[in-house]
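The file data_16.tsv comes next; it holds TSV, C-alpha atoms (C1' of nucleotides).
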```
chain	number	residue	atom	x	y	z
A	250	MET	CA	104.66	95.42	134.83
A	251	ASP	CA	104.88	94.77	131.07
A	252	ASP	CA	103.00	92.14	129.09
A	253	GLN	CA	105.86	89.75	128.96
A	254	THR	CA	106.41	89.77	132.68
A	255	ARG	CA	102.67	89.50	133.28
A	256	MET	CA	102.47	86.42	131.07
A	257	MET	CA	105.48	84.86	132.72
A	258	THR	CA	104.19	85.57	136.18
A	259	GLY	CA	100.93	84.00	135.05
A	260	LEU	CA	102.76	80.83	134.18
A	261	THR	CA	104.74	80.84	137.36
A	262	GLY	CA	101.66	81.50	139.37
A	263	LEU	CA	100.16	78.29	138.10
A	264	GLY	CA	103.54	76.69	138.62
A	265	GLY	CA	103.28	77.56	142.25
A	266	LEU	CA	99.97	75.78	142.46
A	267	ALA	CA	101.42	72.82	140.67
A	268	GLN	CA	104.06	72.58	143.28
A	269	ALA	CA	101.50	72.48	146.00
A	270	ASP	CA	98.72	70.31	144.61
A	271	VAL	CA	98.25	69.96	140.88
A	272	GLY	CA	101.65	68.39	140.27
A	273	ASP	CA	100.65	65.24	142.06
A	274	PRO	CA	97.84	63.31	140.29
A	275	ASP	CA	97.12	61.28	143.36
A	276	SER	CA	96.49	64.33	145.43
A	277	VAL	CA	94.19	65.70	142.73
A	278	ARG	CA	92.24	62.48	142.64
A	279	LYS	CA	92.02	62.55	146.41
A	280	GLN	CA	90.69	66.10	146.39
A	281	GLN	CA	88.14	65.38	143.66
A	282	SER	CA	86.86	62.42	145.60
A	283	LEU	CA	86.51	64.74	148.55
A	284	GLY	CA	84.27	67.03	146.46
A	285	GLN	CA	86.57	70.08	146.45
A	286	PRO	CA	87.28	70.76	142.74
A	287	GLN	CA	85.07	73.83	142.56
A	288	GLN	CA	86.76	75.37	145.53
A	289	ASP	CA	90.17	74.62	144.01
A	290	ILE	CA	89.25	76.32	140.77
A	291	GLY	CA	88.11	79.31	142.75
A	292	ASP	CA	91.43	79.38	144.53
A	293	ILE	CA	93.30	79.12	141.26
A	294	LEU	CA	91.33	81.98	139.78
A	295	GLN	CA	91.93	84.06	142.83
A	296	GLN	CA	95.64	83.42	142.61
A	297	ILE	CA	95.64	84.28	138.91
A	298	MET	CA	93.92	87.57	139.69
A	299	ALA	CA	96.47	88.22	142.42
A	300	ILE	CA	99.41	87.68	140.04
A	301	THR	CA	99.40	91.24	138.79
A	302	ASP	CA	99.82	92.45	142.35
A	303	GLU	CA	102.90	90.37	142.91
A	304	SER	CA	106.32	91.90	142.81
A	305	LEU	CA	108.83	90.89	140.17
A	306	ASP	CA	110.89	89.03	142.74
A	307	GLU	CA	107.91	86.99	143.86
A	308	ALA	CA	107.14	86.14	140.27
A	309	GLN	CA	110.74	85.13	139.60
A	310	ALA	CA	110.65	82.91	142.67
A	311	ARG	CA	107.50	81.19	141.45
A	312	LYS	CA	109.03	80.71	138.03
A	313	HIS	CA	112.12	79.20	139.54
A	314	ALA	CA	109.99	76.89	141.67
A	315	LEU	CA	108.14	75.68	138.58
A	316	ASN	CA	111.35	75.03	136.68
A	317	CYS	CA	112.73	73.01	139.57
A	318	HIS	CA	109.56	71.01	140.14
A	319	ARG	CA	110.19	67.27	140.11
A	320	MET	CA	107.27	66.66	137.73
A	321	LYS	CA	108.41	69.23	135.20
A	322	PRO	CA	110.33	66.84	132.88
A	323	ALA	CA	107.31	64.51	132.74
A	324	LEU	CA	104.95	67.38	131.99
A	325	PHE	CA	107.35	68.64	129.33
A	326	SER	CA	107.51	65.26	127.57
A	327	VAL	CA	103.70	64.99	127.60
A	328	LEU	CA	103.49	68.42	126.02
A	329	CYS	CA	106.06	67.34	123.44
A	330	GLU	CA	103.90	64.36	122.50
A	331	ILE	CA	100.81	66.52	122.11
A	332	LYS	CA	102.84	68.95	120.08
A	333	GLU	CA	104.07	66.22	117.75
A	334	LYS	CA	100.46	65.35	116.97
A	335	THR	CA	99.28	68.94	116.44
A	336	VAL	CA	102.29	69.85	114.31
A	337	LEU	CA	101.21	67.14	111.88
A	338	SER	CA	97.88	68.84	111.44
A	339	ILE	CA	99.34	72.29	110.82
A	340	ARG	CA	101.96	71.15	108.33
A	341	GLY	CA	101.45	72.41	104.85
A	342	VAL	CA	100.22	75.76	106.08
A	343	GLN	CA	103.76	76.97	106.14
A	344	GLU	CA	104.47	77.50	102.47
A	345	GLU	CA	105.79	80.96	101.75
A	346	ASP	CA	103.34	83.34	100.20
A	347	PRO	CA	104.17	84.52	96.68
A	348	PRO	CA	104.89	88.27	96.48
A	349	ASP	CA	101.66	90.26	96.48
A	350	PRO	CA	101.09	91.70	92.97
A	351	GLN	CA	99.45	94.79	94.43
A	352	ILE	CA	102.50	95.54	96.57
A	353	MET	CA	104.69	94.99	93.53
A	354	ARG	CA	102.61	97.47	91.53
A	355	LEU	CA	102.78	100.05	94.31
A	356	ASP	CA	106.53	99.52	94.69
A	357	ASN	CA	107.09	99.96	90.97
A	358	MET	CA	105.06	103.13	90.90
A	359	LEU	CA	106.81	104.64	93.90
A	360	LEU	CA	110.13	103.78	92.30
A	361	ALA	CA	109.13	105.33	88.98
A	362	GLU	CA	107.94	108.51	90.67
A	363	GLY	CA	111.19	108.78	92.61
A	364	VAL	CA	109.52	108.39	96.01
A	365	SER	CA	111.19	105.13	96.95
A	366	GLY	CA	114.62	103.95	95.88
A	367	PRO	CA	117.55	106.28	95.20
A	368	GLU	CA	116.67	109.98	94.97
A	369	LYS	CA	116.41	111.19	91.38
A	370	GLY	CA	116.75	114.88	91.98
A	371	GLY	CA	113.45	115.00	93.81
A	372	GLY	CA	111.49	113.59	90.89
A	373	SER	CA	112.69	116.11	88.35
A	374	ALA	CA	112.53	113.43	85.69
A	375	ALA	CA	108.87	112.83	86.50
A	376	ALA	CA	108.24	116.57	86.50
A	377	ALA	CA	109.95	116.95	83.15
A	378	ALA	CA	107.97	114.05	81.75
A	379	ALA	CA	104.75	115.60	83.02
A	380	ALA	CA	105.73	118.92	81.48
A	381	ALA	CA	106.56	117.28	78.17
A	382	ALA	CA	103.28	115.36	78.21
A	383	ALA	CA	101.45	118.63	78.67
A	384	GLY	CA	103.45	120.21	75.85
A	385	GLY	CA	104.87	122.90	78.08
A	386	SER	CA	108.03	124.83	77.35
A	387	PRO	CA	111.04	123.91	79.44
A	388	THR	CA	111.84	127.57	80.15
A	389	ASP	CA	108.54	128.95	81.41
A	390	SER	CA	107.89	126.18	83.88
A	391	SER	CA	110.74	126.67	86.33
A	392	ILE	CA	108.52	127.95	89.14
A	393	GLU	CA	105.94	125.18	88.91
A	394	HIS	CA	108.73	122.73	88.30
A	395	SER	CA	110.52	123.55	91.54
A	396	ASP	CA	107.18	123.64	93.32
A	397	TYR	CA	106.42	120.15	92.09
A	398	ARG	CA	109.86	118.94	93.15
A	399	ALA	CA	109.50	120.46	96.60
A	400	LYS	CA	106.09	118.86	97.13
A	401	LEU	CA	107.34	115.49	95.89
A	402	ALA	CA	110.34	115.74	98.21
A	403	GLN	CA	107.93	116.38	101.08
A	404	ILE	CA	105.92	113.28	100.21
A	405	ARG	CA	109.15	111.31	99.92
A	406	GLN	CA	110.29	112.47	103.34
A	407	ILE	CA	107.01	111.62	105.04
A	408	TYR	CA	106.93	108.24	103.31
A	409	HIS	CA	110.42	107.33	104.44
A	410	SER	CA	109.97	108.49	108.01
A	411	GLU	CA	106.70	106.54	108.30
A	412	LEU	CA	108.29	103.49	106.72
A	413	GLU	CA	111.16	103.69	109.17
A	414	LYS	CA	108.72	103.93	112.06
A	415	TYR	CA	106.81	100.86	110.86
A	416	GLU	CA	110.01	98.90	110.34
A	417	GLN	CA	111.28	99.81	113.78
A	418	ALA	CA	107.98	98.91	115.39
A	419	CYS	CA	107.92	95.64	113.48
A	420	SER	CA	111.42	94.64	114.52
A	421	GLU	CA	110.78	95.68	118.14
A	422	PHE	CA	107.58	93.69	118.28
A	423	THR	CA	109.21	90.68	116.58
A	424	ASN	CA	112.08	90.71	119.06
A	425	HIS	CA	109.65	91.00	121.91
A	426	VAL	CA	107.61	88.02	120.74
A	427	MET	CA	110.73	85.98	120.03
A	428	ASN	CA	112.06	86.64	123.52
A	429	LEU	CA	108.72	85.72	124.96
A	430	LEU	CA	108.61	82.47	123.02
A	431	ARG	CA	112.19	81.61	123.92
A	432	GLU	CA	111.37	82.23	127.55
A	433	GLN	CA	108.25	80.09	127.30
A	434	SER	CA	110.16	77.35	125.50
A	435	ARG	CA	111.69	76.49	128.87
A	436	THR	CA	108.26	75.55	130.12
A	437	ARG	CA	106.58	74.23	126.98
A	438	PRO	CA	108.04	72.84	123.75
A	439	ILE	CA	108.39	75.55	121.09
A	440	SER	CA	110.33	74.64	117.97
A	441	PRO	CA	112.40	77.20	116.01
A	442	LYS	CA	110.01	76.56	113.10
A	443	GLU	CA	107.13	77.79	115.22
A	444	ILE	CA	109.04	80.91	116.15
A	445	GLU	CA	109.76	81.45	112.45
A	446	ARG	CA	106.09	81.04	111.65
A	447	MET	CA	105.15	83.51	114.32
A	448	VAL	CA	107.68	85.99	112.93
A	449	ALA	CA	106.25	85.49	109.44
A	450	ILE	CA	102.74	86.18	110.76
A	451	ILE	CA	103.93	89.40	112.40
A	452	HIS	CA	105.68	90.47	109.22
A	453	ARG	CA	102.55	89.80	107.19
A	454	LYS	CA	100.53	91.96	109.54
A	455	PHE	CA	103.06	94.78	109.34
A	456	SER	CA	103.39	94.50	105.59
A	457	SER	CA	99.64	95.02	105.25
A	458	ILE	CA	100.06	98.25	107.21
A	459	GLN	CA	102.96	99.15	104.93
A	460	MET	CA	100.76	98.52	101.93
A	461	GLN	CA	98.29	101.07	103.26
A	462	LEU	CA	101.12	103.56	103.61
A	463	LYS	CA	102.28	102.87	100.06
A	464	GLN	CA	98.75	103.20	98.77
A	465	SER	CA	98.26	106.58	100.44
A	466	THR	CA	101.63	107.76	99.14
A	467	CYS	CA	100.73	106.74	95.60
A	468	GLU	CA	97.44	108.61	95.89
A	469	ALA	CA	99.25	111.71	97.12
A	470	VAL	CA	101.67	111.55	94.19
A	471	MET	CA	98.81	111.09	91.73
A	472	ILE	CA	96.96	114.10	93.13
A	473	LEU	CA	100.12	116.20	93.02
A	474	ARG	CA	100.82	115.12	89.49
A	475	SER	CA	97.35	115.88	88.21
A	476	ARG	CA	97.47	119.30	89.86
A	477	PHE	CA	100.83	119.94	88.24
A	478	LEU	CA	99.51	118.89	84.84
A	479	ASP	CA	96.48	121.15	85.26
A	480	ALA	CA	98.79	124.02	86.04
A	481	ARG	CA	100.84	123.26	82.93
A	482	ARG	CA	97.71	123.34	80.84
A	483	LYS	CA	97.31	127.04	81.56
A	484	ARG	CA	97.86	128.85	78.31
A	485	ARG	CA	100.76	131.21	78.09
A	486	ASN	CA	101.64	133.30	75.06
A	487	PHE	CA	104.93	132.55	73.40
A	488	ASN	CA	107.53	135.24	73.78
A	489	LYS	CA	107.94	137.89	71.09
A	490	GLN	CA	111.08	136.41	69.63
A	491	ALA	CA	109.48	132.95	69.29
A	492	THR	CA	106.43	134.41	67.51
A	493	GLU	CA	108.73	136.32	65.17
A	494	VAL	CA	110.69	133.22	64.27
A	495	LEU	CA	107.48	131.29	63.57
A	496	ASN	CA	105.95	134.13	61.55
A	497	GLU	CA	109.13	134.55	59.55
A	498	TYR	CA	109.05	130.92	58.57
A	499	PHE	CA	105.33	131.00	57.86
A	500	TYR	CA	105.41	134.04	55.58
A	501	SER	CA	108.58	132.98	53.81
A	502	HIS	CA	106.96	129.62	53.06
A	503	LEU	CA	103.48	130.86	52.28
A	504	SER	CA	103.31	128.72	49.15
A	505	ASN	CA	103.67	125.64	51.34
A	506	PRO	CA	103.43	126.52	55.03
A	507	TYR	CA	103.93	122.92	56.17
A	508	PRO	CA	107.29	122.59	57.89
A	509	SER	CA	108.93	119.16	57.77
A	510	GLU	CA	109.69	117.30	60.98
A	511	GLU	CA	113.29	118.53	60.79
A	512	ALA	CA	112.13	122.11	60.27
A	513	LYS	CA	109.70	121.81	63.18
A	514	GLU	CA	112.46	120.54	65.41
A	515	GLU	CA	114.70	123.38	64.33
A	516	LEU	CA	111.95	125.94	64.97
A	517	ALA	CA	111.11	124.36	68.33
A	518	LYS	CA	114.74	124.64	69.35
A	519	LYS	CA	114.97	128.26	68.23
A	520	CYS	CA	111.75	129.24	70.01
A	521	GLY	CA	112.26	127.20	73.17
A	522	ILE	CA	108.99	125.33	72.69
A	523	THR	CA	108.08	121.74	71.83
A	524	VAL	CA	107.57	120.27	68.37
A	525	SER	CA	103.88	119.71	69.10
A	526	GLN	CA	103.55	123.39	70.00
A	527	VAL	CA	105.12	124.28	66.67
A	528	SER	CA	102.59	122.01	64.96
A	529	ASN	CA	99.73	123.62	66.89
A	530	TRP	CA	100.98	127.05	66.02
A	531	PHE	CA	101.17	126.28	62.28
A	532	GLY	CA	97.77	124.60	62.37
A	533	ASN	CA	96.20	127.65	63.97
A	534	LYS	CA	98.10	130.07	61.76
A	535	ARG	CA	97.15	128.37	58.51
A	536	ILE	CA	93.47	128.26	59.35
A	537	ARG	CA	93.35	131.82	60.69
A	538	TYR	CA	95.33	133.21	57.83
A	539	LYS	CA	93.14	131.47	55.30
A	540	LYS	CA	89.98	132.72	57.02
A	541	ASN	CA	91.02	136.33	57.05
A	542	ILE	CA	93.79	137.11	54.57
A	543	GLY	CA	92.92	140.78	54.62
A	544	LYS	CA	93.59	141.10	58.29
A	545	PHE	CA	96.98	139.38	57.96
A	546	GLN	CA	98.01	141.32	54.84
A	547	GLU	CA	99.89	143.98	56.75
A	548	GLU	CA	101.70	141.41	58.85
A	549	ALA	CA	102.52	139.41	55.72
A	550	ASN	CA	104.00	142.45	54.02
A	551	LEU	CA	106.00	143.31	57.09
A	552	TYR	CA	107.60	139.88	57.20
A	553	ALA	CA	108.10	139.85	53.43
A	554	VAL	CA	110.10	143.09	53.69
A	555	LYS	CA	112.01	141.77	56.70
A	556	THR	CA	112.90	138.57	54.85
A	557	ALA	CA	113.95	140.58	51.82
A	558	VAL	CA	116.18	142.85	53.90
A	559	ASP	CA	117.76	139.88	55.65
A	560	ALA	CA	118.38	138.13	52.36
A	561	ALA	CA	119.91	141.30	50.89
A	562	ASN	CA	122.21	141.67	53.86
A	563	VAL	CA	123.36	138.08	53.62
A	564	SER	CA	124.03	138.30	49.90
A	565	ALA	CA	125.79	141.65	50.28
A	566	GLN	CA	128.05	140.16	52.91
A	567	ALA	CA	128.69	137.06	50.83
A	568	SER	CA	129.74	138.80	47.63
A	569	GLN	CA	130.24	142.51	47.65
A	570	ALA	CA	131.78	142.36	44.16
A	571	ASN	CA	128.93	140.51	42.51
A	572	SER	CA	125.71	142.17	41.48
A	573	PRO	CA	123.13	142.05	44.33
A	574	ALA	CA	120.60	139.23	44.20
A	575	THR	CA	116.97	140.17	43.71
A	576	PRO	CA	115.36	140.13	47.19
A	577	ASN	CA	112.01	138.63	48.01
A	578	SER	CA	109.58	141.36	47.15
A	579	GLY	CA	106.01	142.03	48.11
A	580	THR	CA	105.04	140.90	44.63
A	581	THR	CA	106.60	137.49	45.21
A	582	HIS	CA	104.73	137.25	48.54
A	583	LEU	CA	101.40	138.03	46.88
A	584	CYS	CA	102.13	135.33	44.37
A	585	TYR	CA	102.62	132.83	47.27
A	586	VAL	CA	99.41	133.96	48.90
A	587	GLU	CA	97.45	133.16	45.78
A	588	ARG	CA	98.99	129.73	45.49
A	589	PHE	CA	98.34	128.79	49.19
A	590	THR	CA	94.76	130.02	49.27
A	591	SER	CA	93.67	128.74	45.92
B	472	DT	C1'	84.94	144.65	82.16
B	473	DC	C1'	84.83	143.41	77.58
B	474	DG	C1'	86.53	142.27	73.06
B	475	DT	C1'	90.23	140.28	70.75
B	476	DA	C1'	94.28	137.37	70.29
B	477	DT	C1'	96.15	133.09	70.81
B	478	DG	C1'	97.59	128.42	72.42
B	479	DA	C1'	95.43	123.96	73.19
B	480	DT	C1'	92.06	120.45	72.50
B	481	DT	C1'	88.46	118.04	70.13
B	482	DT	C1'	85.94	116.71	66.11
B	483	DT	C1'	85.73	115.64	61.37
B	484	DG	C1'	87.13	114.24	56.81
B	485	DC	C1'	90.35	112.13	53.89
C	1297	DG	C1'	97.80	109.34	60.92
C	1298	DC	C1'	97.52	113.98	59.43
C	1299	DA	C1'	95.48	118.37	58.48
C	1300	DA	C1'	91.40	121.30	58.55
C	1301	DA	C1'	87.87	123.14	61.11
C	1302	DA	C1'	85.47	124.06	65.27
C	1303	DT	C1'	85.64	125.00	69.85
C	1304	DC	C1'	87.43	125.96	74.41
C	1305	DA	C1'	89.99	128.52	77.74
C	1306	DT	C1'	92.96	131.89	79.02
C	1307	DA	C1'	95.97	136.08	78.32
C	1308	DC	C1'	96.09	140.69	77.32
C	1309	DG	C1'	95.18	145.43	76.19
C	1310	DA	C1'	91.95	149.32	75.92
```

Represent the structure of the file as structure tokens.
Amino acid sequence: MDDQTRMMTGLTGLGGLAQADVGDPDSVRKQQSLGQPQQDIGDILQQIMAITDESLDEAQARKHALNCHRMKPALFSVLCEIKEKTVLSIRGVQEEDPPDPQIMRLDNMLLAEGVSGPEKGGGSAAAAAAAAAAGGSPTDSSIEHSDYRAKLAQIRQIYHSELEKYEQACSEFTNHVMNLLREQSRTRPISPKEIERMVAIIHRKFSSIQMQLKQSTCEAVMILRSRFLDARRKRRNFNKQATEVLNEYFYSHLSNPYPSEEAKEELAKKCGITVSQVSNWFGNKRIRYKKNIGKFQEEANLYAVKTAVDAANVSAQASQANSPATPNSGTTHLCYVERFTS
DNA sequence: TCGTATGATTTTGC
DNA sequence: GCAAAATCATACGA
């Protein structure tokens, strides 16, 4: 026997009593004057306890009996009067609550992280943003990137399945309560407003559970994100070609090894790294070069020769007829070195 | 395993 | 705010 039936049988059980004795005030008065109220209450309690043992048919019969009782309309109107008075006292409690700012914050965050709302490629945008924030290269992060996306997708899936469960449970419970109230409204006065209020109460309760789910999901995303950022922080050497490009620029601009923003962007593009990594690289290079010119001399000469050869090739291709332009020589490089370090 | 190289971060000075 | 300098943390080769 489910709760609803039990409650209804409870009502009908009392209805049965009403039919016999309670319905008639004169008979009650008579019994009280005879000194039997305590025994009656005992009987009532006993009958209430016996309700759960009754079959559904018996319960239905009792319910029917109550609904057909001659005193029912009178009882109903009395209840309506009482209701009218109590409704006055509970008015003003029914204003709709403004949207909870905490829920709004959680919703916004889940939306931004790609957990709720339409799928944004499993949060690749968030992953890319995290990678950019950490100054990572877009090429060397593919493994961690897909890992992040997979984990975020997992969180998303769990979140949605839990949310669906809560919503289903909420709607089932709401329907159940509404049916119960509608059923009871045949016996006692229940206004649609009251049913609405009850539904709102249920929704509030369920939304607080939902908030807990959202909170846990946000925490999970935060943990994942911080782990991902930590992983990105791991130092990785630039590839050989990138280092060559940077060194070439550095040694060919030794007199002023401070690339402009445009030059940094160009270098970043060529090397497959970020502008801030280019800045870091030049910062480190300048200081280390300055500290130990001797150690970098060989490298400097190497790049000076390389630059000279490249320049010669370009000029030879451009004008074979003209006399070859004087390439950047080691002497020129030494001249730059003096100017930068002085 | 250790020393060095190197990218990133923090501190400092202008 | 930017660059220099110091420092940290990790990669890498012997």

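Residue-level contact on chain A: within 9 Å of chain B, counting all atoms listed in the file, the set is Arg482, Arg484, Arg485, Asn486, Phe487, Gln526, Asn529, Trp530 and Asn533 of chain A.
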
Expected file: the selected residues, C-alpha atoms, as a compact mmCIF listing (two decimals), keeping the file's coordinate frame:
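And here is the file that came out, again-v7.txt:
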```txt
# COMPACT_ATOMS: atom_id res chain seq x y z
CA ARG A 482 97.71 123.34 80.84
CA ARG A 484 97.86 128.85 78.31
CA ARG A 485 100.76 131.21 78.09
CA ASN A 486 101.64 133.30 75.06
CA PHE A 487 104.93 132.55 73.40
CA GLN A 526 103.55 123.39 70.00
CA ASN A 529 99.73 123.62 66.89
CA TRP A 530 100.98 127.05 66.02
CA ASN A 533 96.20 127.65 63.97
```

Check: which chain C residues lie within 8 Å of chain A using all atoms listed in the file, as an MDAnalysis selection string: chainID C and resid 1299:1301 1305:1307

Residue subset to file, keeping C-alpha atoms (C1' of nucleotides), as a PDB file, in the coordinates of the input:
```pdb
ATOM      1  C1'  DA C1299      95.480 118.370  58.480  1.00  0.00           C
ATOM      2  C1'  DA C1300      91.400 121.300  58.550  1.00  0.00           C
ATOM      3  C1'  DA C1301      87.870 123.140  61.110  1.00  0.00           C
ATOM      4  C1'  DA C1305      89.990 128.520  77.740  1.00  0.00           C
ATOM      5  C1'  DT C1306      92.960 131.890  79.020  1.00  0.00           C
ATOM      6  C1'  DA C1307      95.970 136.080  78.320  1.00  0.00           C
TER       7       DA C1307
END
```

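Distance-wise, atom CA of A:Lys544 and atom CA of A:Val527 end up 22.0 Å apart.
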
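We find atom CA of A:Val554 and atom CA of A:Lys513 to be spaced 23.3 Å apart.
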
Could you work out an axis-aligned bounding box for all listed atoms of chain B, with 6 Å added on each of the six sides, and give its centre and edge lengths in Å to one decimal, as JSON?
```
{"center_x": 91.2, "center_y": 128.4, "center_z": 68.0, "size_x": 24.8, "size_y": 44.5, "size_z": 40.3}
```

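Counting from atom CA of A:Tyr500, the distance to atom C1' of C:DG1309 is 25.7 Å.
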
Please, which residues are within 10 Å of (101.3, 104.2, 98.9) by the file's coordinates, counting all atoms listed in the file, and could they come as a PyMOL selection string? chain A and resi 352+355-356+358-359+364+408+459-470

Tell me, as an NGL selection string, which residues lie within 10 Å of A:Lys555, counting only C-alpha atoms (C1' of nucleotides); anything in the same chain fewer than 3 positions away does not count. :A and (497 or 501 or 549-552 or 558-561 or 577-578)
